[in-house]
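Contents: one structure, followed by commentary.
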Amino acid sequence: MLDIRRIKENPDAVKAGLKAKEVDCDAVVDQILVLDEKIRALKTTTETKTAEKNKLAKENGKLFGQKKGAEKKGEDTSALEAQIAANSAKSVELDKAIEEDAASLKTLSDEFKVAMLSLPNLPDPDLVPGGKEANEPLRYIGEKPSFDFEPKHHVDLCTDLGLIDYERGVKLAGAGNWMYTGMGARLEWALLNYFIDTHTADGYDFILPPHMLEYMCGETAGQFPKFADEVYKIANPTDDRIHYMLPTAEAALASLYRDEILSESDLPKKLFAYTPCFRREAGSHRADERGMVRGHQFNKVEMFQFCKPEDSDAAFDELVTKAEKLVEGLGFHFRTVKLAAGDCSASMARTYDIEILIPSMDGYKEVSSVSNARDYQARRGNIRFRRESTGKPEFVHTLNGSGLATSRIFPALVEQNQRADGSIVVPEVLRKYLGGLEVIEKK
């Protein structure tokens with residue numbers, strides 16, 4: 001969520017920033033400014049009425065005392081009684097008006113919250129406007145593979161070697177699903193163990209979060225309400241709360257400290273989590289995306305940081321470097337790409353993608369997205385830390401990065417490491433998880 005002060009101080013700059021993300025939110029920004037003004041005016045009116053009501057109550061208290069004294073002396077109290085009655089009637093009118101104001105205030109506040117939640121995060125100033133076409137490759141790492149034979153597609157390699165059973169995956173769960181078998185399952189688990197061991201060695205705390213989350217997790221992460229239809233929701237006749245299957249562990253990790261105030265000494269919090277990820281992936285797939293490149297369920301290890309604002313840029317660089325080293329450790333050719341403003345997700349201020357070459361596609365596919373949300377998610381989830389020098393709470397910054405997703409690493413691994421006889425060379429870093437196996441061959 002954006003800071004309302006930032007919107008009020010320079011609405012034109014906010015509109016321009018959102019346009020750089022290829023989102024036209026001018027009408028929403030204007031609506032927010034109008035609603036904010038109405039809410040402030042209504043609060044002032046309500047406070048005035050409440051103060052007047054309290055004043056009448058205090059005045060009636062005095063009048064009741066005077067009436068009691070007059071009655072003891074046998075004096076006429078009709079004037080006092082008339083004034084008390086008038087004050088009471090006025091107080092009843094004020095009560096009704098305050099109640100109506102409260103109802104109006106709730107309606108306006110609800111509209112304000114919906115409008116604020118609908119605004120994407122502003123891109124960092126150094127990002128170029130536009131979509132994918134404006135993305136900037138920053139560096140290429142590793143030697144691009146070349147073959148002196150006709151290379152196979154990963155679907156054919158995985159099928160021939162008995163690594164993946166695509167037909168039974170579809171049989172069990174429908175199109176867009178697959179099933180790891182035998183050495184394929186072991187190879188998948190070796191990748192996950194490689195990621196986990198690397199992050200543990202770097203001092204990150206391992207988290208295994210629930211796979212079923214409540215609505216507020218999606219709202220905090222910035223997926224809801226706009227992208228609520230892109231997840232698998234869960235109907236429960238005994239519980240009216242909205243639950244959904246997490247599309248990424250980021251949705252869980254971002255809410256770990258929701259509505260909490262951390263100590264400055266608690267930061268940074270460096271975490272990683274393993275989860276399967278569930279995506280609807282609505283729409284048609286390209287013809288060259290057959291196999292595991294795009295699916296409804298895949299495994300991913302996710303990195304996440306909570307940090308102080310001044311440490312945010314360094315944390316981002318750290319996550320990018322970690323993602324690059326994971327891919328480099330597997331011996332792959334890949335590139336790091338700085339996304340243009342319009343290609344960053346709604347919640348993020350900046351994103352670098354790590355894209356790996358998949359030969360059969362003659363192009364690069366993202367295997368890690370490292371992003372900085374700045375204070376956007378923290379504002380949505382009310383996640384703060386108390387600054388020791390001032391004693392005041394401030395919003396943390398949140399960052400996340402895939403470390404890594406296997407559904408595209410696996411195809412790249414088998415395609416980049418294939419040999420003429422259809423066997424696959426196992427990357428050296430994975431061999432210890434496979435009993436020292438160096439080559440996967442057809443049985």
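Chain lettering (A, B, ...) mirrors the order of the structure tokens, residue numbering begins at 1 for each chain separately, and ligand numbering begins at 1 in order of display.
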
Show me, as a tab-separated table, the residues of stretch 102-165 of chain A having an atom within 12 Å of stretch 176-200 of chain A, each with the closest atom pair and its distance in Å, using only C-alpha atoms.
```
residue	atom	partner	partner_atom	distance
A:Val155	CA	A:Trp178	CA	10.7
A:Leu157	CA	A:Gly184	CA	11.0
A:Cys158	CA	A:Gly184	CA	7.8
A:Thr159	CA	A:Gly184	CA	9.9
A:Asp160	CA	A:Gly184	CA	11.4
A:Leu161	CA	A:Gly184	CA	8.5
A:Gly162	CA	A:Thr181	CA	6.7
A:Leu163	CA	A:Gly184	CA	3.8
A:Ile164	CA	A:Tyr180	CA	4.6
A:Asp165	CA	A:Met179	CA	5.2
```

Practice task
Give me every helix (DSSP H, G or I) residue in stretch 246-384 of chain A, going by DSSP on the backbone, as a PyMOL selection string.
Solution key: chain A and resi 250-253+264-266+287-289+309-329+341-343+359-361+376-381

Write the selection just made, keeping C-alpha atoms, as a CSV table (one decimal), in the first residue's frame?
```csv
chain,number,residue,atom,x,y,z
A,250,GLU,CA,6.3,-15.3,-0.4
A,251,ALA,CA,2.5,-15.1,0.4
A,252,ALA,CA,3.2,-16.9,3.7
A,253,LEU,CA,6.5,-15.3,4.6
A,264,GLU,CA,15.6,-2.8,15.6
A,265,SER,CA,18.0,-5.4,16.8
A,266,ASP,CA,15.7,-8.1,15.3
A,287,ALA,CA,3.5,-24.4,-28.5
A,288,ASP,CA,7.2,-24.4,-27.3
A,289,GLU,CA,6.1,-24.5,-23.6
A,309,PRO,CA,14.8,1.0,5.0
A,310,GLU,CA,18.4,2.1,4.8
A,311,ASP,CA,19.5,-1.5,4.3
A,312,SER,CA,17.0,-2.3,1.6
A,313,ASP,CA,19.3,-1.8,-1.5
A,314,ALA,CA,22.1,-3.9,0.0
A,315,ALA,CA,19.6,-6.6,0.8
A,316,PHE,CA,18.4,-6.6,-2.8
A,317,ASP,CA,22.0,-7.0,-4.1
A,318,GLU,CA,22.6,-9.8,-1.7
A,319,LEU,CA,19.5,-11.7,-2.9
A,320,VAL,CA,20.4,-11.2,-6.6
A,321,THR,CA,24.0,-12.5,-5.9
A,322,LYS,CA,22.6,-15.5,-4.0
A,323,ALA,CA,20.2,-16.4,-6.9
A,324,GLU,CA,23.0,-16.0,-9.4
A,325,LYS,CA,25.4,-18.2,-7.5
A,326,LEU,CA,22.9,-21.0,-7.2
A,327,VAL,CA,22.4,-21.1,-10.9
A,328,GLU,CA,26.1,-20.7,-11.6
A,329,GLY,CA,26.9,-23.5,-9.2
A,341,ALA,CA,8.7,-0.7,-14.7
A,342,GLY,CA,5.8,-2.3,-16.5
A,343,ASP,CA,7.1,-5.8,-16.2
A,359,PRO,CA,17.9,-24.9,-25.8
A,360,SER,CA,14.7,-26.4,-27.2
A,361,MET,CA,13.0,-23.1,-26.8
A,376,TYR,CA,4.5,-1.5,0.2
A,377,GLN,CA,3.8,-4.9,1.8
A,378,ALA,CA,4.7,-3.7,5.3
A,379,ARG,CA,2.0,-1.0,5.1
A,380,ARG,CA,-0.6,-3.5,3.9
A,381,GLY,CA,0.3,-5.9,6.8
```

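Residues of stretch 3-179 of chain A that DSSP places in strand (DSSP E), based on the backbone of this structure, are A:Glu136, A:Pro137, A:Leu138, A:Arg139, A:Tyr140, A:Ile141, A:Ile164, A:Asp165, A:Met179.
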
Exercise for the section: Would you mind listing what lies within 9 Å of A:Arg241 as a ChimeraX atom specification, with only C-alpha atoms counted and same-chain residues fewer than 6 positions away left out? Expected result: /A:214-215,235

Kindly export the residues of the current selection with N, CA and C atoms, as a PDB file, in the first residue's frame.
```pdb
ATOM      1  N   GLU A 214      -4.859 -17.986   4.720  1.00  0.00           N
ATOM      2  CA  GLU A 214      -6.053 -17.157   4.830  1.00  0.00           C
ATOM      3  C   GLU A 214      -5.930 -15.945   3.907  1.00  0.00           C
ATOM      4  N   TYR A 215      -7.070 -15.313   3.670  1.00  0.00           N
ATOM      5  CA  TYR A 215      -7.164 -14.198   2.721  1.00  0.00           C
ATOM      6  C   TYR A 215      -6.160 -13.086   3.026  1.00  0.00           C
ATOM      7  N   ALA A 235     -13.095 -24.131  -0.725  1.00  0.00           N
ATOM      8  CA  ALA A 235     -14.421 -24.005  -0.123  1.00  0.00           C
ATOM      9  C   ALA A 235     -14.508 -24.930   1.084  1.00  0.00           C
TER      10      ALA A 235
END
```

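Excluding A:Val23 itself and same-chain residues fewer than 5 positions from it, the residues having an atom within 9 Å of it are Lys15, Gly17, Leu18, Pro120 and Gly342 of chain A, counting only C-alpha atoms.
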
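Here the question is which of A:Val429, A:Ser118, A:Leu437, A:Ile84 gets nearest to A:Ala57 using only C-alpha atoms, and that residue is A:Ile84.
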
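For the atom pair formed by atom CA of A:Lys8 and atom CA of A:Pro129, the distance is 23.0 Å, given to one decimal.
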
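For the choices A:Gly401, A:His333, A:Ser88, A:Gly169, the atom-to-atom distance to A:Glu59 is smallest for A:Ser88 when using only C-alpha atoms.
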
Exercise for the section: Would you mind listing what lies within 12 Å of A:Phe227 as a PyMOL selection string, with only C-alpha atoms counted and same-chain residues fewer than 5 positions away left out? Expected result: chain A and resi 117-118+120+215+218-219+221-222+232-233+247+279-282+345-347

Practice task
Quick one: everything within 9 Å of A:Val414, counting only C-alpha atoms, minus sequence neighbours fewer than 5 positions away in the same chain. Send it as a ChimeraX atom specification.
Solution key: /A:153-154,157-158,409,423-426

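Interatomic distance, atom CA of A:Ser109 against atom CA of A:Ile4: 13.2 Å.
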
Handout entry: Nearest to A:Lys106 by atom-to-atom distance, counting only C-alpha atoms, from A:Lys38, A:Pro145, A:Asn60, A:Glu93
Key = A:Lys38

Practice task
Please measure the separation of atom CA of A:Ala41 and atom CA of A:Ala97, giving the value in Å to one decimal.
Solution key: 14.7 Å

Skip A:Thr77 itself and residues of its chain fewer than 5 positions away, then list as an mmCIF file with C-alpha atoms, in the first residue's frame all residues within 7 Å of it, counting only C-alpha atoms.
```cif
data_model
loop_
_atom_site.group_PDB
_atom_site.id
_atom_site.type_symbol
_atom_site.label_atom_id
_atom_site.label_comp_id
_atom_site.auth_asym_id
_atom_site.auth_seq_id
_atom_site.Cartn_x
_atom_site.Cartn_y
_atom_site.Cartn_z
ATOM 1 C CA LYS A 67 -32.153 21.373 40.957
ATOM 2 C CA ALA A 70 -33.378 24.186 44.943
ATOM 3 C CA GLU A 71 -35.727 21.343 45.882
#
```
